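Chemist: So here's upload.cif (mmCIF, N, CA and C atoms).
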data_model
#
loop_
_atom_site.label_atom_id
_atom_site.label_comp_id
_atom_site.auth_asym_id
_atom_site.auth_seq_id
_atom_site.Cartn_x
_atom_site.Cartn_y
_atom_site.Cartn_z
N MET A 1 0.91 18.11 -10.59
CA MET A 1 1.38 17.65 -9.30
C MET A 1 0.23 17.70 -8.31
N ARG A 2 0.32 16.82 -7.33
CA ARG A 2 -0.74 16.73 -6.35
C ARG A 2 -0.23 17.14 -4.99
N HIS A 3 -1.11 17.69 -4.18
CA HIS A 3 -0.76 18.08 -2.82
C HIS A 3 -1.51 17.17 -1.86
N HIS A 4 -0.82 16.71 -0.85
CA HIS A 4 -1.44 15.89 0.19
C HIS A 4 -1.13 16.52 1.53
N GLY A 5 -2.07 17.27 2.04
CA GLY A 5 -1.91 17.90 3.35
C GLY A 5 -0.65 18.74 3.40
N ALA A 6 0.15 18.51 4.43
CA ALA A 6 1.36 19.29 4.62
C ALA A 6 2.53 18.74 3.80
N SER A 7 2.33 17.56 3.17
CA SER A 7 3.43 16.98 2.41
C SER A 7 3.66 17.77 1.13
N LYS A 8 4.86 17.63 0.59
CA LYS A 8 5.20 18.34 -0.63
C LYS A 8 4.48 17.69 -1.81
N ALA A 9 4.35 18.45 -2.88
CA ALA A 9 3.72 17.94 -4.09
C ALA A 9 4.60 16.83 -4.67
N ILE A 10 3.95 15.83 -5.21
CA ILE A 10 4.70 14.74 -5.83
C ILE A 10 4.36 14.71 -7.32
N PRO A 11 5.30 14.27 -8.15
CA PRO A 11 5.03 14.20 -9.58
C PRO A 11 3.88 13.23 -9.88
N VAL A 12 3.12 13.54 -10.90
CA VAL A 12 1.96 12.72 -11.28
C VAL A 12 2.36 11.26 -11.52
N PRO A 13 3.46 10.97 -12.23
CA PRO A 13 3.83 9.56 -12.41
C PRO A 13 4.09 8.82 -11.09
N VAL A 14 4.63 9.53 -10.11
CA VAL A 14 4.86 8.93 -8.80
C VAL A 14 3.53 8.61 -8.13
N ALA A 15 2.60 9.55 -8.20
CA ALA A 15 1.27 9.32 -7.62
C ALA A 15 0.60 8.12 -8.28
N ARG A 16 0.73 8.01 -9.60
CA ARG A 16 0.14 6.86 -10.32
C ARG A 16 0.77 5.55 -9.87
N ALA A 17 2.09 5.55 -9.73
CA ALA A 17 2.80 4.33 -9.32
C ALA A 17 2.39 3.91 -7.91
N LEU A 18 2.23 4.88 -7.00
CA LEU A 18 1.80 4.56 -5.65
C LEU A 18 0.37 4.04 -5.63
N ARG A 19 -0.49 4.63 -6.46
CA ARG A 19 -1.87 4.13 -6.55
C ARG A 19 -1.88 2.70 -7.05
N LYS A 20 -1.05 2.39 -8.05
CA LYS A 20 -0.98 1.02 -8.58
C LYS A 20 -0.49 0.06 -7.51
N LEU A 21 0.56 0.46 -6.78
CA LEU A 21 1.06 -0.38 -5.70
C LEU A 21 -0.04 -0.62 -4.66
N GLY A 22 -0.74 0.43 -4.29
CA GLY A 22 -1.83 0.29 -3.33
C GLY A 22 -2.92 -0.63 -3.82
N HIS A 23 -3.30 -0.49 -5.10
CA HIS A 23 -4.33 -1.37 -5.67
C HIS A 23 -3.84 -2.81 -5.73
N ASP A 24 -2.56 -3.00 -6.05
CA ASP A 24 -2.00 -4.35 -6.07
C ASP A 24 -2.03 -4.98 -4.68
N ILE A 25 -1.73 -4.18 -3.67
CA ILE A 25 -1.79 -4.68 -2.29
C ILE A 25 -3.22 -5.05 -1.93
N ARG A 26 -4.15 -4.15 -2.26
CA ARG A 26 -5.57 -4.44 -1.95
C ARG A 26 -6.03 -5.71 -2.67
N ASP A 27 -5.69 -5.83 -3.95
CA ASP A 27 -6.10 -7.01 -4.72
C ASP A 27 -5.50 -8.29 -4.14
N ALA A 28 -4.23 -8.23 -3.73
CA ALA A 28 -3.58 -9.40 -3.14
C ALA A 28 -4.26 -9.79 -1.83
N ARG A 29 -4.60 -8.78 -1.03
CA ARG A 29 -5.30 -9.06 0.24
C ARG A 29 -6.65 -9.71 -0.03
N ARG A 30 -7.38 -9.18 -0.98
CA ARG A 30 -8.70 -9.72 -1.30
C ARG A 30 -8.61 -11.14 -1.87
N ARG A 31 -7.62 -11.37 -2.75
CA ARG A 31 -7.46 -12.72 -3.31
C ARG A 31 -7.19 -13.74 -2.20
N ARG A 32 -6.48 -13.30 -1.18
CA ARG A 32 -6.16 -14.18 -0.05
C ARG A 32 -7.30 -14.22 0.97
N ARG A 33 -8.34 -13.44 0.72
CA ARG A 33 -9.50 -13.34 1.62
C ARG A 33 -9.08 -12.96 3.04
N ILE A 34 -8.19 -11.98 3.12
CA ILE A 34 -7.73 -11.48 4.43
C ILE A 34 -8.45 -10.16 4.71
N PRO A 35 -9.21 -10.08 5.78
CA PRO A 35 -9.87 -8.82 6.14
C PRO A 35 -8.84 -7.74 6.48
N VAL A 36 -9.23 -6.50 6.29
CA VAL A 36 -8.36 -5.36 6.58
C VAL A 36 -7.85 -5.44 8.02
N ALA A 37 -8.72 -5.71 8.96
CA ALA A 37 -8.32 -5.75 10.37
C ALA A 37 -7.24 -6.80 10.62
N ILE A 38 -7.36 -7.95 9.99
CA ILE A 38 -6.39 -9.03 10.20
C ILE A 38 -5.03 -8.67 9.59
N LEU A 39 -5.03 -8.15 8.36
CA LEU A 39 -3.76 -7.78 7.73
C LEU A 39 -3.09 -6.66 8.51
N ALA A 40 -3.87 -5.69 8.94
CA ALA A 40 -3.31 -4.58 9.72
C ALA A 40 -2.67 -5.12 11.01
N GLU A 41 -3.34 -6.04 11.66
CA GLU A 41 -2.80 -6.62 12.89
C GLU A 41 -1.51 -7.38 12.60
N ARG A 42 -1.50 -8.19 11.56
CA ARG A 42 -0.31 -8.97 11.20
C ARG A 42 0.87 -8.07 10.83
N ALA A 43 0.59 -6.92 10.23
CA ALA A 43 1.64 -5.99 9.83
C ALA A 43 1.97 -4.99 10.94
N SER A 44 1.29 -5.10 12.06
CA SER A 44 1.49 -4.19 13.22
C SER A 44 1.27 -2.73 12.84
N ILE A 45 0.21 -2.48 12.06
CA ILE A 45 -0.17 -1.12 11.70
C ILE A 45 -1.66 -0.96 11.96
N SER A 46 -2.13 0.28 11.92
CA SER A 46 -3.56 0.52 12.13
C SER A 46 -4.33 0.23 10.83
N ARG A 47 -5.62 0.01 10.98
CA ARG A 47 -6.46 -0.18 9.79
C ARG A 47 -6.46 1.08 8.94
N THR A 48 -6.39 2.24 9.59
CA THR A 48 -6.35 3.50 8.86
C THR A 48 -5.10 3.57 7.98
N THR A 49 -3.96 3.18 8.51
CA THR A 49 -2.72 3.19 7.73
C THR A 49 -2.80 2.20 6.58
N LEU A 50 -3.37 1.03 6.82
CA LEU A 50 -3.53 0.06 5.74
C LEU A 50 -4.44 0.62 4.66
N ASN A 51 -5.53 1.26 5.05
CA ASN A 51 -6.42 1.86 4.06
C ASN A 51 -5.70 2.92 3.24
N LYS A 52 -4.88 3.73 3.90
CA LYS A 52 -4.11 4.75 3.18
C LYS A 52 -3.14 4.10 2.20
N ALA A 53 -2.46 3.03 2.64
CA ALA A 53 -1.52 2.33 1.76
C ALA A 53 -2.24 1.76 0.56
N GLU A 54 -3.42 1.19 0.77
CA GLU A 54 -4.18 0.60 -0.34
C GLU A 54 -4.67 1.66 -1.32
N LYS A 55 -4.71 2.91 -0.89
CA LYS A 55 -5.09 4.01 -1.78
C LYS A 55 -3.86 4.66 -2.42
N GLY A 56 -2.66 4.21 -2.00
CA GLY A 56 -1.44 4.77 -2.57
C GLY A 56 -1.05 6.10 -1.97
N ASP A 57 -1.41 6.34 -0.74
CA ASP A 57 -1.09 7.61 -0.08
C ASP A 57 0.42 7.77 0.05
N PRO A 58 0.97 8.88 -0.47
CA PRO A 58 2.42 9.09 -0.40
C PRO A 58 2.92 9.39 1.02
N GLY A 59 2.03 9.62 1.95
CA GLY A 59 2.43 9.87 3.32
C GLY A 59 2.75 8.60 4.09
N VAL A 60 2.40 7.45 3.52
CA VAL A 60 2.71 6.16 4.15
C VAL A 60 4.17 5.85 3.89
N SER A 61 4.90 5.46 4.93
CA SER A 61 6.33 5.25 4.78
C SER A 61 6.65 4.03 3.92
N LEU A 62 7.82 4.07 3.30
CA LEU A 62 8.28 2.93 2.50
C LEU A 62 8.39 1.69 3.38
N GLY A 63 8.80 1.88 4.62
CA GLY A 63 8.89 0.75 5.54
C GLY A 63 7.55 0.09 5.78
N THR A 64 6.50 0.89 5.83
CA THR A 64 5.15 0.35 6.01
C THR A 64 4.72 -0.43 4.78
N TYR A 65 4.96 0.14 3.59
CA TYR A 65 4.63 -0.59 2.36
C TYR A 65 5.41 -1.91 2.33
N ALA A 66 6.69 -1.87 2.71
CA ALA A 66 7.52 -3.07 2.70
C ALA A 66 6.99 -4.11 3.68
N THR A 67 6.56 -3.68 4.85
CA THR A 67 6.03 -4.60 5.84
C THR A 67 4.73 -5.24 5.37
N ILE A 68 3.89 -4.47 4.72
CA ILE A 68 2.64 -5.01 4.17
C ILE A 68 2.95 -6.05 3.10
N LEU A 69 3.87 -5.72 2.21
CA LEU A 69 4.26 -6.67 1.16
C LEU A 69 4.83 -7.95 1.77
N PHE A 70 5.66 -7.82 2.78
CA PHE A 70 6.22 -8.98 3.47
C PHE A 70 5.11 -9.84 4.07
N THR A 71 4.17 -9.18 4.73
CA THR A 71 3.06 -9.88 5.38
C THR A 71 2.22 -10.66 4.37
N LEU A 72 2.11 -10.12 3.16
CA LEU A 72 1.34 -10.79 2.10
C LEU A 72 2.18 -11.82 1.33
N GLY A 73 3.46 -11.95 1.70
CA GLY A 73 4.33 -12.87 0.99
C GLY A 73 4.79 -12.33 -0.35
N MET A 74 4.82 -11.01 -0.48
CA MET A 74 5.17 -10.36 -1.74
C MET A 74 6.42 -9.50 -1.60
N VAL A 75 7.27 -9.80 -0.63
CA VAL A 75 8.43 -8.96 -0.36
C VAL A 75 9.37 -8.89 -1.57
N ASP A 76 9.31 -9.87 -2.46
CA ASP A 76 10.14 -9.84 -3.67
C ASP A 76 9.81 -8.66 -4.56
N ARG A 77 8.64 -8.06 -4.40
CA ARG A 77 8.28 -6.86 -5.17
C ARG A 77 9.21 -5.69 -4.86
N LEU A 78 9.81 -5.70 -3.67
CA LEU A 78 10.72 -4.61 -3.30
C LEU A 78 11.93 -4.55 -4.22
N ALA A 79 12.37 -5.70 -4.70
CA ALA A 79 13.52 -5.74 -5.60
C ALA A 79 13.22 -5.05 -6.92
N ASP A 80 11.96 -4.91 -7.26
CA ASP A 80 11.55 -4.27 -8.51
C ASP A 80 11.56 -2.75 -8.42
N LEU A 81 11.84 -2.20 -7.26
CA LEU A 81 11.76 -0.75 -7.08
C LEU A 81 12.86 0.02 -7.80
N ALA A 82 14.03 -0.57 -7.89
CA ALA A 82 15.13 0.18 -8.52
C ALA A 82 15.64 -0.56 -9.75
#
Would you write out, as structure tokens, the structure that this file holds?
Modeler:
Amino acid sequence: MRHHGASKAIPVPVARALRKLGHDIRDARRRRRIPVAILAERASISRTTLNKAEKGDPGVSLGTYATILFTLGMVDRLADLA
């Protein structure tokens, strides 16, 4: 299990899944040639939060991940969560 600051430890498979989601978001942004600053602005989040999401940080809210996916035109990925 991993510890992230004051947050509780999360199971390793969860950390892996979040990292994959973050990498998928980063790859999608790069394929679209969208700079971090532009995507962050479009998603109404800070560049720091976007960077954390792209790293799979478990402290980033599900709503933020959902908004980033929506902004990239990938909101259908949310249906794959459950």
Chemist: What is the atom N of Thr64 of chain A to atom N of Asp27 of chain A distance in Å?
Modeler: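 Straight-line distance from atom N of Thr64 of chain A to atom N of Asp27 of chain A works out to 17.0 Å.
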Chemist: If you run DSSP over the backbone, which residues in chain A end up strand (DSSP E or B)? Put them as a list in words.
Modeler: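 Everything in chain A that counts as strand (DSSP E or B) is Arg2, His3, His4, Ser7, Lys8, Ala9 and Ile10 of chain A.
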Chemist: Work out how far apart atom CA of Thr71 of chain A and atom CA of Leu39 of chain A are and give it in Å to one decimal.
Modeler: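 Computing it gives 7.5 Å between the two atoms.
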Chemist: So what do you get for atom C of Phe70 of chain A versus atom N of Ser44 of chain A, distance-wise?
Modeler: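 If I compute the distance from atom C of Phe70 of chain A to atom N of Ser44 of chain A, I get 10.0 Å.
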Chemist: List the residues selected by the PyMOL selection byres (((chain A and resi 57 and name CA) around 9) and name CA) in the file shown, writing them as number ranges by chain.
Modeler: A: 4, 15, 18-19, 22, 51-56, 58-60
Chemist: Within 5 Å of (-3.6, 0.1, 6.6) (file coordinates; only N, CA and C atoms), which protein or nucleic acid residues are there? I'd like them as a PyMOL selection string.
Modeler: chain A and resi 46-52
Chemist: Give me the residues near segment 28-38 of chain A as a tab-separated table (two decimals) with N, CA and C atoms, keeping the file's coordinate frame, where near means some atom within 7 Å (using only N, CA and C atoms) and where sequence neighbours in that chain fewer than 4 positions away do not count.
Modeler:
chain	number	residue	atom	x	y	z
A	23	HIS	N	-3.30	-0.49	-5.10
A	23	HIS	CA	-4.33	-1.37	-5.67
A	23	HIS	C	-3.84	-2.81	-5.73
A	24	ASP	N	-2.56	-3.00	-6.05
A	24	ASP	CA	-2.00	-4.35	-6.07
A	24	ASP	C	-2.03	-4.98	-4.68
A	42	ARG	N	-1.50	-8.19	11.56
A	42	ARG	CA	-0.31	-8.97	11.20
A	42	ARG	C	0.87	-8.07	10.83
A	43	ALA	N	0.59	-6.92	10.23
A	43	ALA	CA	1.64	-5.99	9.83
A	43	ALA	C	1.97	-4.99	10.94
A	47	ARG	N	-5.62	0.01	10.98
A	47	ARG	CA	-6.46	-0.18	9.79
A	47	ARG	C	-6.46	1.08	8.94
A	72	LEU	N	2.11	-10.12	3.16
A	72	LEU	CA	1.34	-10.79	2.10
A	72	LEU	C	2.18	-11.82	1.33
Chemist: Would you list the contacts of Asp80 of chain A as a PyMOL selection string, taking every protein, DNA or RNA residue within 12 Å and counting only C-alpha atoms, but skipping same-chain residues closer than 4 positions in sequence?
Modeler: chain A and resi 21+66+74-76
Chemist: Nearest to Tyr65 of chain A among A:Glu41, A:Ile25, A:Ala17, A:Ala9, with distances taken over only C-alpha atoms: which residue is it?
Modeler: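 The answer is A:Ile25, which sits nearest to Tyr65 of chain A.
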